[in-house]
file data.cif (mmCIF, C-alpha atoms)
data_structure
loop_
_atom_site.label_atom_id
_atom_site.label_comp_id
_atom_site.auth_asym_id
_atom_site.auth_seq_id
_atom_site.Cartn_x
_atom_site.Cartn_y
_atom_site.Cartn_z
CA MET W 83 0.00 0.00 0.00
CA ASN W 84 1.50 3.28 -1.13
CA SER W 85 -1.07 5.92 -0.12
CA ILE W 86 -2.88 6.89 3.07
CA GLN W 87 -6.16 6.38 1.21
CA GLU W 88 -5.26 2.71 0.54
CA TRP W 89 -4.35 2.21 4.20
CA ALA W 90 -7.66 3.79 5.23
CA GLU W 91 -9.67 1.39 3.06
CA PHE W 92 -7.64 -1.50 4.46
CA TYR W 93 -8.50 -0.57 8.06
CA LYS W 94 -12.11 0.21 7.27
CA GLY W 95 -12.50 -3.42 6.20
CA PHE W 96 -11.93 -4.44 9.82
CA LYS W 97 -14.83 -2.22 10.96
CA ILE W 98 -12.76 -0.06 13.25
CA TRP W 99 -13.26 3.69 13.48
CA ILE W 100 -10.44 5.65 11.92
CA TYR W 101 -9.96 9.22 10.82
CA PRO W 102 -7.13 11.13 9.08
CA TYR W 103 -4.17 12.63 10.88
CA HIS W 104 -3.15 16.12 9.75
CA ASP W 105 -0.36 18.39 10.95
CA TYR W 106 -3.02 20.85 12.06
CA ASN W 107 -5.02 18.24 14.05
CA GLU W 108 -7.10 19.71 16.84
CA SER W 109 -7.15 18.14 20.29
CA PHE W 110 -9.07 14.87 20.51
CA GLN W 111 -12.68 15.29 21.65
CA TRP W 112 -13.92 12.00 23.12
CA ILE W 113 -17.47 13.26 23.60
CA HIS W 114 -17.75 13.78 19.83
CA TRP W 115 -17.15 10.08 19.20
CA ARG W 116 -18.93 8.71 22.25
CA ASN W 117 -22.29 10.01 21.02
CA MET W 118 -21.86 8.67 17.49
CA ASP W 119 -23.38 5.49 15.99
CA ASP W 120 -22.40 3.52 12.88
CA SER W 121 -24.60 5.50 10.48
CA ASN W 122 -23.24 8.82 11.80
CA TYR W 123 -19.71 7.54 11.42
CA GLU W 124 -20.29 6.41 7.83
CA GLU W 125 -21.53 9.88 6.94
CA GLU W 126 -18.53 11.50 8.62
CA TYR W 127 -16.11 9.08 6.95
CA LYS W 128 -17.29 10.22 3.51
CA ASN W 129 -16.19 13.77 4.31
CA PHE W 130 -12.73 12.92 5.64
CA ASP W 131 -9.82 14.52 3.74
CA TRP W 132 -7.63 11.49 3.06
CA GLU W 133 -5.76 13.03 0.13
CA ASN W 134 -4.01 15.57 2.36
CA ALA W 135 -3.66 13.30 5.38
CA ASN W 136 -0.24 12.50 6.87
CA GLY W 137 -1.37 9.42 8.79
CA ILE W 138 -4.27 7.47 10.26
CA ASN W 139 -5.75 7.60 13.77
CA VAL W 140 -7.89 4.86 15.29
CA VAL W 141 -10.44 5.90 17.92
CA THR W 142 -9.86 3.64 20.93
CA GLY W 143 -12.84 3.01 23.18
CA MET W 144 -15.19 2.66 20.20
CA LYS W 145 -16.03 -0.62 18.44
CA GLY W 146 -14.20 -2.39 21.29
CA VAL W 147 -10.73 -1.25 20.20
CA MET W 148 -8.11 -0.75 22.89
CA ALA W 149 -4.33 -0.42 22.61
CA ILE W 150 -1.65 -1.54 25.08
CA ARG W 151 1.56 0.46 24.62
CA PHE W 152 5.05 -0.51 25.81
CA PRO W 153 7.53 2.42 25.81
CA ILE W 154 11.02 1.73 24.48
CA ASP W 155 13.51 3.42 26.80
CA GLU W 156 17.26 2.84 26.81
CA ASP W 157 17.02 -0.95 26.53
CA ILE W 158 14.71 -2.30 23.83
CA ARG W 159 14.97 -5.78 25.36
CA TYR W 160 12.96 -4.64 28.37
CA ALA W 161 10.04 -3.48 26.20
CA LYS W 162 10.18 -6.72 24.19
CA SER W 163 10.10 -8.77 27.40
CA SER W 164 7.09 -6.81 28.69
CA LEU W 165 5.32 -7.31 25.36
CA THR W 166 6.03 -11.05 25.41
CA ARG W 167 4.75 -11.38 28.97
CA VAL W 168 1.46 -9.56 28.26
CA LEU W 169 0.78 -11.51 25.04
CA SER W 170 1.35 -14.78 26.89
CA THR W 171 -0.81 -13.74 29.87
CA LEU W 172 -3.70 -12.73 27.60
CA GLY W 173 -3.49 -15.99 25.67
CA LEU W 174 -2.37 -14.29 22.45
CA PRO W 175 0.31 -15.82 20.19
CA GLN W 176 3.74 -14.21 19.98
CA CYS W 177 3.09 -13.84 16.23
CA TYR W 178 -0.15 -11.92 16.92
CA ASP W 179 -1.21 -9.89 13.88
CA TRP W 180 -1.85 -6.62 15.67
CA VAL W 181 1.60 -6.09 17.21
CA ILE W 182 2.86 -2.69 16.08
CA GLU W 183 6.50 -1.67 16.34
CA GLY W 184 7.48 2.00 16.25
CA ASN W 185 10.67 3.91 16.84
CA THR W 186 9.69 4.65 20.46
CA THR W 187 7.10 1.99 21.38
CA PHE W 188 5.71 -1.49 20.89
CA SER W 189 1.91 -1.71 20.93
CA ILE W 190 -0.86 -4.28 20.55
CA LEU W 191 -4.48 -3.71 19.52
CA ILE W 192 -7.25 -5.85 20.99
CA ASP W 193 -11.05 -5.98 20.80
CA VAL W 194 -12.47 -5.71 24.32
CA CYS W 195 -15.95 -7.11 24.94
CA SER W 196 -18.21 -5.41 27.52
CA MET W 197 -15.83 -2.49 27.80
CA PRO W 198 -16.78 -0.03 30.58
CA MET W 199 -17.16 3.64 29.73
CA GLY W 200 -14.88 4.89 32.48
CA GLY W 201 -12.99 4.18 35.68
CA ILE W 202 -10.14 2.33 33.97
CA GLN W 203 -6.57 2.37 35.24
CA LYS W 204 -4.43 3.46 32.29
CA LYS W 205 -0.93 3.65 33.77
CA PHE W 206 0.96 0.53 34.80
CA LYS W 207 4.56 -0.24 35.67
CA ASP W 208 5.68 -1.44 32.23
CA PHE W 209 2.88 -0.34 29.87
CA ASP W 210 -0.06 2.02 29.30
CA LEU W 211 -3.64 1.46 28.15
CA ILE W 212 -4.77 3.68 25.28
CA TYR W 213 -8.51 4.04 25.79
CA GLN W 214 -10.96 6.80 24.86
CA ASP W 215 -8.12 8.42 22.98
CA VAL W 216 -6.50 8.35 19.55
CA PHE W 217 -3.77 5.97 18.50
CA ILE W 218 -1.60 6.24 15.37
CA LEU W 219 -1.69 3.21 13.07
CA PRO W 220 0.94 2.13 10.52
CA PRO W 221 2.54 3.51 8.43
CA GLY W 222 2.80 6.23 11.09
CA ILE W 223 3.47 9.95 10.59
CA ASP W 224 6.50 12.05 9.68
CA ASN W 225 8.19 11.93 13.10
CA TYR W 226 6.84 8.54 14.17
CA LYS W 227 7.14 5.62 11.76
CA CYS W 228 5.63 2.27 12.69
CA PHE W 229 4.80 -1.07 11.09
CA PHE W 230 3.12 -4.40 11.81
CA LYS W 231 5.79 -6.60 13.38
CA ASN W 232 4.27 -9.85 12.08
CA GLY W 233 2.99 -8.73 8.69
CA LEU W 234 -0.33 -7.20 7.69
CA PRO W 235 -3.31 -8.32 9.82
CA ARG W 236 -5.73 -10.76 8.23
CA MET W 237 -8.62 -10.33 10.67
CA ARG W 238 -9.95 -8.01 13.36
CA PRO W 239 -8.05 -7.67 16.65
CA SER W 240 -8.68 -10.65 18.96
CA GLN W 241 -11.63 -10.42 21.34
CA ILE W 242 -10.98 -10.45 25.08
CA GLU W 243 -13.63 -10.10 27.78
CA TRP W 244 -13.12 -7.00 29.89
CA ASN W 245 -13.17 -8.87 33.20
CA VAL W 246 -10.46 -11.26 31.93
CA LEU W 247 -8.35 -8.39 30.61
CA SER W 248 -8.74 -6.33 33.78
CA GLU W 249 -7.91 -9.23 36.08
CA ASN W 250 -4.78 -10.17 34.16
CA LEU W 251 -3.51 -6.62 33.74
CA GLN W 252 -3.96 -5.92 37.45
CA LYS W 253 -2.10 -9.15 38.19
CA ILE W 254 0.98 -8.35 36.10
CA GLY W 255 0.74 -4.64 35.40
CA ASN W 256 1.84 -3.29 38.77
CA ILE W 257 4.61 -5.83 39.27
CA PRO W 258 7.98 -4.78 37.80
CA LEU W 259 9.31 -7.14 35.17
CA VAL W 260 12.11 -9.34 36.51
CA PHE W 261 14.62 -8.86 33.71
CA LYS W 262 17.97 -10.61 33.48
CA GLY W 263 19.56 -7.73 31.60
CA LYS W 264 21.17 -4.76 33.32
CA THR W 265 19.16 -1.62 34.00
CA LYS W 266 20.42 1.86 33.13
CA GLU W 267 21.21 2.53 36.80
CA GLN W 268 23.26 -0.68 37.04
CA LYS W 269 25.21 0.19 33.89
CA ASN W 270 25.93 3.73 35.16
CA TYR W 271 27.08 2.37 38.52
CA GLU W 272 29.41 -0.14 36.85
CA THR W 273 30.85 2.59 34.62
CA ARG W 274 31.55 4.84 37.64
CA MET W 275 33.19 1.94 39.48
CA LYS W 276 35.44 1.18 36.52
CA TYR W 277 36.59 4.81 36.39
CA ALA W 278 37.24 4.80 40.13
CA ILE W 279 39.22 1.57 39.98
CA GLY W 280 41.16 2.88 36.98
CA CYS W 281 42.14 6.08 38.81
CA ALA W 282 43.11 4.18 41.95
CA LEU W 283 45.18 1.74 39.89
CA ALA W 284 47.02 4.54 38.12
CA ILE W 285 47.89 6.18 41.46
CA VAL W 286 49.11 2.90 42.99
CA VAL W 287 51.23 2.08 39.95
CA ALA W 288 52.75 5.57 39.99
CA ILE W 289 53.70 5.23 43.68
CA VAL W 290 55.12 1.71 43.31
CA THR W 291 57.16 2.45 40.20
CA GLY W 292 58.37 5.72 41.77
CA ILE W 293 59.65 3.87 44.84
CA ILE W 294 61.35 1.26 42.67
CA ALA W 295 62.91 3.97 40.51
CA VAL W 296 64.27 5.81 43.58
CA LEU W 297 65.67 2.63 45.10
CA ASN W 298 67.42 1.79 41.84
CA SER W 299 68.55 5.36 41.10
CA ALA W 300 66.69 5.21 37.78
CA THR W 301 66.36 8.21 35.48
CA PHE W 302 63.02 9.94 34.85
CA VAL W 303 62.73 8.35 31.40
CA THR W 304 63.30 4.89 32.88
CA TRP W 305 60.65 5.58 35.53
CA VAL W 306 58.11 6.64 32.88
CA CYS W 307 58.79 3.45 30.88
CA MET W 308 58.45 1.33 34.01
CA TYR W 309 55.20 3.14 34.88
CA PHE W 310 53.45 2.45 31.59
CA VAL W 311 54.70 -1.14 31.36
CA THR W 312 53.45 -1.88 34.89
CA LEU W 313 50.14 -0.04 34.31
CA GLY W 314 49.54 -1.96 31.08
CA ALA W 315 50.23 -5.28 32.79
CA ALA W 316 47.84 -4.41 35.65
CA ILE W 317 45.04 -3.36 33.28
CA GLY W 318 45.50 -6.52 31.24
CA LEU W 319 45.29 -8.66 34.38
CA ILE W 320 42.08 -6.93 35.54
CA TYR W 321 40.50 -7.34 32.09
CA ILE W 322 41.31 -11.08 32.02
CA MET W 323 39.91 -11.60 35.53
CA SER W 324 36.68 -9.69 34.77
CA HIS W 325 35.94 -11.73 31.66
#

call {"tool": "encode", "arguments": {"input": "data.cif", "output": "structure tokens"}}
result
Amino acid sequence: MNSIQEWAEFYKGFKIWIYPYHDYNESFQWIHWRNMDDSNYEEEYKNFDWENANGINVVTGMKGVMAIRFPIDEDIRYAKSSLTRVLSTLGLPQCYDWVIEGNTTFSILIDVCSMPMGGIQKKFKDFDLIYQDVFILPPGIDNYKCFFKNGLPRMRPSQIEWNVLSENLQKIGNIPLVFKGKTKEQKNYETRMKYAIGCALAIVVAIVTGIIAVLNSATFVTWVCMYFVTLGAAIGLIYIMSH
């Protein structure tokens, strides 16, 4: 698909409510969509300006559509692990059609049955719920490109009962992911420790080689050579022991 119009027709086939994204988009007005029915939407769809659109929005909260978004921070593996855990918990395959990968997030779209009209927790430890709001669909917009991770969808987002979704998200959503990789704080701490050890090592080597040079009446040039040879040997030993 090469044009926004083609993408729009593709999404419309899944009976989800979409509308064009423009650079001059006004703020999203949920009440405008909440009071709309299918016939009203069809009339509004005919008047949408797709030719000048820069992207496509889906209206979450209508037609059962809800998005779960996983922010990509410093470590993309953390977001991928959160995504994998939620898909598994909700009984969705890892190759689920409606997994969307962007340059700052992973997201999944689902079809929620018996969705309440309010009182939903949207912020969790490792992800957010996009509900009664707009969500950008592939191919994205100028400053946010995204695509379907597992190829183009072949059917509507999978249906999940609200009580099942709510129970499972509450169960895993407020519990931090136990991740085997190193966090940003751990990496920063290790970097600071390496600098500290390096400085301490340089000082110790300077003192030791200076004492040896004095005891052996060595010249300054000889001391400098001894210093760098000893420092190199010490660094090499530390590197071997740490790996």

call {"tool": "resolve_selection", "arguments": {"input": "data.cif", "expression": "the PyMOL selection byres ((chain W and resi 135) around 8)", "output": "list of chain:residue names"}}
result
W:Ile86, W:Pro102, W:Tyr103, W:His104, W:Asp131, W:Trp132, W:Glu133, W:Asn134, W:Asn136, W:Gly137, W:Ile138

call {"tool": "resolve_selection", "arguments": {"input": "data.cif", "expression": "the PyMOL selection byres ((chain W and resi 213) around 12)", "output": "count of residues only"}}
result
34

call {"tool": "residues_around", "arguments": {"input": "data.cif", "residues": "region 175-178 of chain W", "least_positions_apart": "4", "cutoff": "9 Å", "atoms": "all atoms listed in the file", "output": "PyMOL selection string"}}
result
chain W and resi 165-166+169-170+190+231-232+235+239-240

call {"tool": "atom_distance", "arguments": {"input": "data.cif", "atom1": "CA of Val168 (chain W)", "atom2": "CA of Phe206 (chain W)"}}
result
12.0 Å

call {"tool": "residues_around", "arguments": {"input": "data.cif", "residues": "Ser164 (chain W)", "least_positions_apart": "4", "cutoff": "8 Å", "atoms": "all atoms listed in the file", "output": "PyMOL selection string"}}
result
chain W and resi 152+160+168+208-209+259

call {"tool": "closest_residue", "arguments": {"input": "data.cif", "among": "W:Asn139, W:Ser121, W:Gln111, W:Asn250", "to": "Trp99 (chain W)", "atoms": "all atoms listed in the file"}}
result
W:Asn139

call {"tool": "build_atoms", "arguments": {"input": "data.cif", "residues": "region 174-205 of chain W", "atoms": "N, CA and C atoms", "output": "compact mmCIF listing (two decimals), in the frame of the given file"}}
result
# COMPACT_ATOMS: atom_id res chain seq x y z
N LEU W 174 -2.58 -14.66 23.85
CA LEU W 174 -2.37 -14.29 22.45
C LEU W 174 -1.03 -14.86 21.97
N PRO W 175 -0.95 -15.26 20.70
CA PRO W 175 0.31 -15.82 20.19
C PRO W 175 1.39 -14.75 20.06
N GLN W 176 2.65 -15.16 20.12
CA GLN W 176 3.74 -14.21 19.98
C GLN W 176 3.77 -13.64 18.56
N CYS W 177 3.16 -14.34 17.61
CA CYS W 177 3.09 -13.84 16.23
C CYS W 177 1.76 -13.13 15.97
N TYR W 178 1.15 -12.59 17.01
CA TYR W 178 -0.15 -11.92 16.92
C TYR W 178 -0.11 -10.83 15.84
N ASP W 179 -1.17 -10.80 15.03
CA ASP W 179 -1.21 -9.89 13.88
C ASP W 179 -1.10 -8.42 14.25
N TRP W 180 -1.73 -8.04 15.35
CA TRP W 180 -1.85 -6.62 15.67
C TRP W 180 -0.78 -6.14 16.65
N VAL W 181 0.45 -6.63 16.47
CA VAL W 181 1.60 -6.09 17.21
C VAL W 181 2.24 -5.02 16.33
N ILE W 182 2.33 -3.82 16.84
CA ILE W 182 2.86 -2.69 16.08
C ILE W 182 4.18 -2.24 16.70
N GLU W 183 5.19 -2.13 15.87
CA GLU W 183 6.50 -1.67 16.34
C GLU W 183 6.78 -0.28 15.77
N GLY W 184 7.11 0.64 16.66
CA GLY W 184 7.48 2.00 16.25
C GLY W 184 8.88 2.33 16.71
N ASN W 185 9.31 3.56 16.44
CA ASN W 185 10.67 3.91 16.84
C ASN W 185 10.78 4.26 18.33
N THR W 186 9.63 4.37 19.02
CA THR W 186 9.69 4.65 20.46
C THR W 186 8.81 3.70 21.29
N THR W 187 8.02 2.87 20.65
CA THR W 187 7.10 1.99 21.38
C THR W 187 6.85 0.68 20.64
N PHE W 188 6.42 -0.33 21.41
CA PHE W 188 5.71 -1.49 20.89
C PHE W 188 4.26 -1.32 21.34
N SER W 189 3.31 -1.81 20.55
CA SER W 189 1.91 -1.71 20.93
C SER W 189 1.16 -2.93 20.41
N ILE W 190 0.04 -3.26 21.07
CA ILE W 190 -0.86 -4.28 20.55
C ILE W 190 -2.28 -3.72 20.58
N LEU W 191 -3.06 -4.08 19.58
CA LEU W 191 -4.48 -3.71 19.52
C LEU W 191 -5.32 -4.93 19.83
N ILE W 192 -6.34 -4.76 20.66
CA ILE W 192 -7.25 -5.85 20.99
C ILE W 192 -8.68 -5.35 20.89
N ASP W 193 -9.62 -6.29 20.86
CA ASP W 193 -11.05 -5.98 20.80
C ASP W 193 -11.65 -6.40 22.14
N VAL W 194 -12.01 -5.42 22.96
CA VAL W 194 -12.47 -5.71 24.32
C VAL W 194 -13.99 -5.79 24.36
N CYS W 195 -14.50 -6.92 24.80
CA CYS W 195 -15.95 -7.11 24.94
C CYS W 195 -16.42 -6.53 26.28
N SER W 196 -17.62 -5.98 26.30
CA SER W 196 -18.21 -5.41 27.52
C SER W 196 -17.30 -4.38 28.15
N MET W 197 -16.75 -3.52 27.32
CA MET W 197 -15.83 -2.49 27.80
C MET W 197 -16.58 -1.42 28.60
N PRO W 198 -16.12 -1.09 29.79
CA PRO W 198 -16.78 -0.03 30.58
C PRO W 198 -16.52 1.33 29.95
N MET W 199 -17.31 2.31 30.31
CA MET W 199 -17.16 3.64 29.73
C MET W 199 -16.28 4.55 30.57
N GLY W 200 -15.75 4.05 31.66
CA GLY W 200 -14.88 4.89 32.48
C GLY W 200 -14.34 4.11 33.66
N GLY W 201 -13.53 4.80 34.48
CA GLY W 201 -12.99 4.18 35.68
C GLY W 201 -11.92 3.13 35.41
N ILE W 202 -11.16 3.31 34.33
CA ILE W 202 -10.14 2.33 33.97
C ILE W 202 -8.76 2.86 34.32
N GLN W 203 -7.96 2.01 34.97
CA GLN W 203 -6.57 2.37 35.24
C GLN W 203 -5.79 2.31 33.93
N LYS W 204 -5.12 3.40 33.58
CA LYS W 204 -4.43 3.46 32.29
C LYS W 204 -2.91 3.34 32.41
N LYS W 205 -2.37 3.66 33.58
CA LYS W 205 -0.93 3.65 33.77
C LYS W 205 -0.51 2.45 34.61
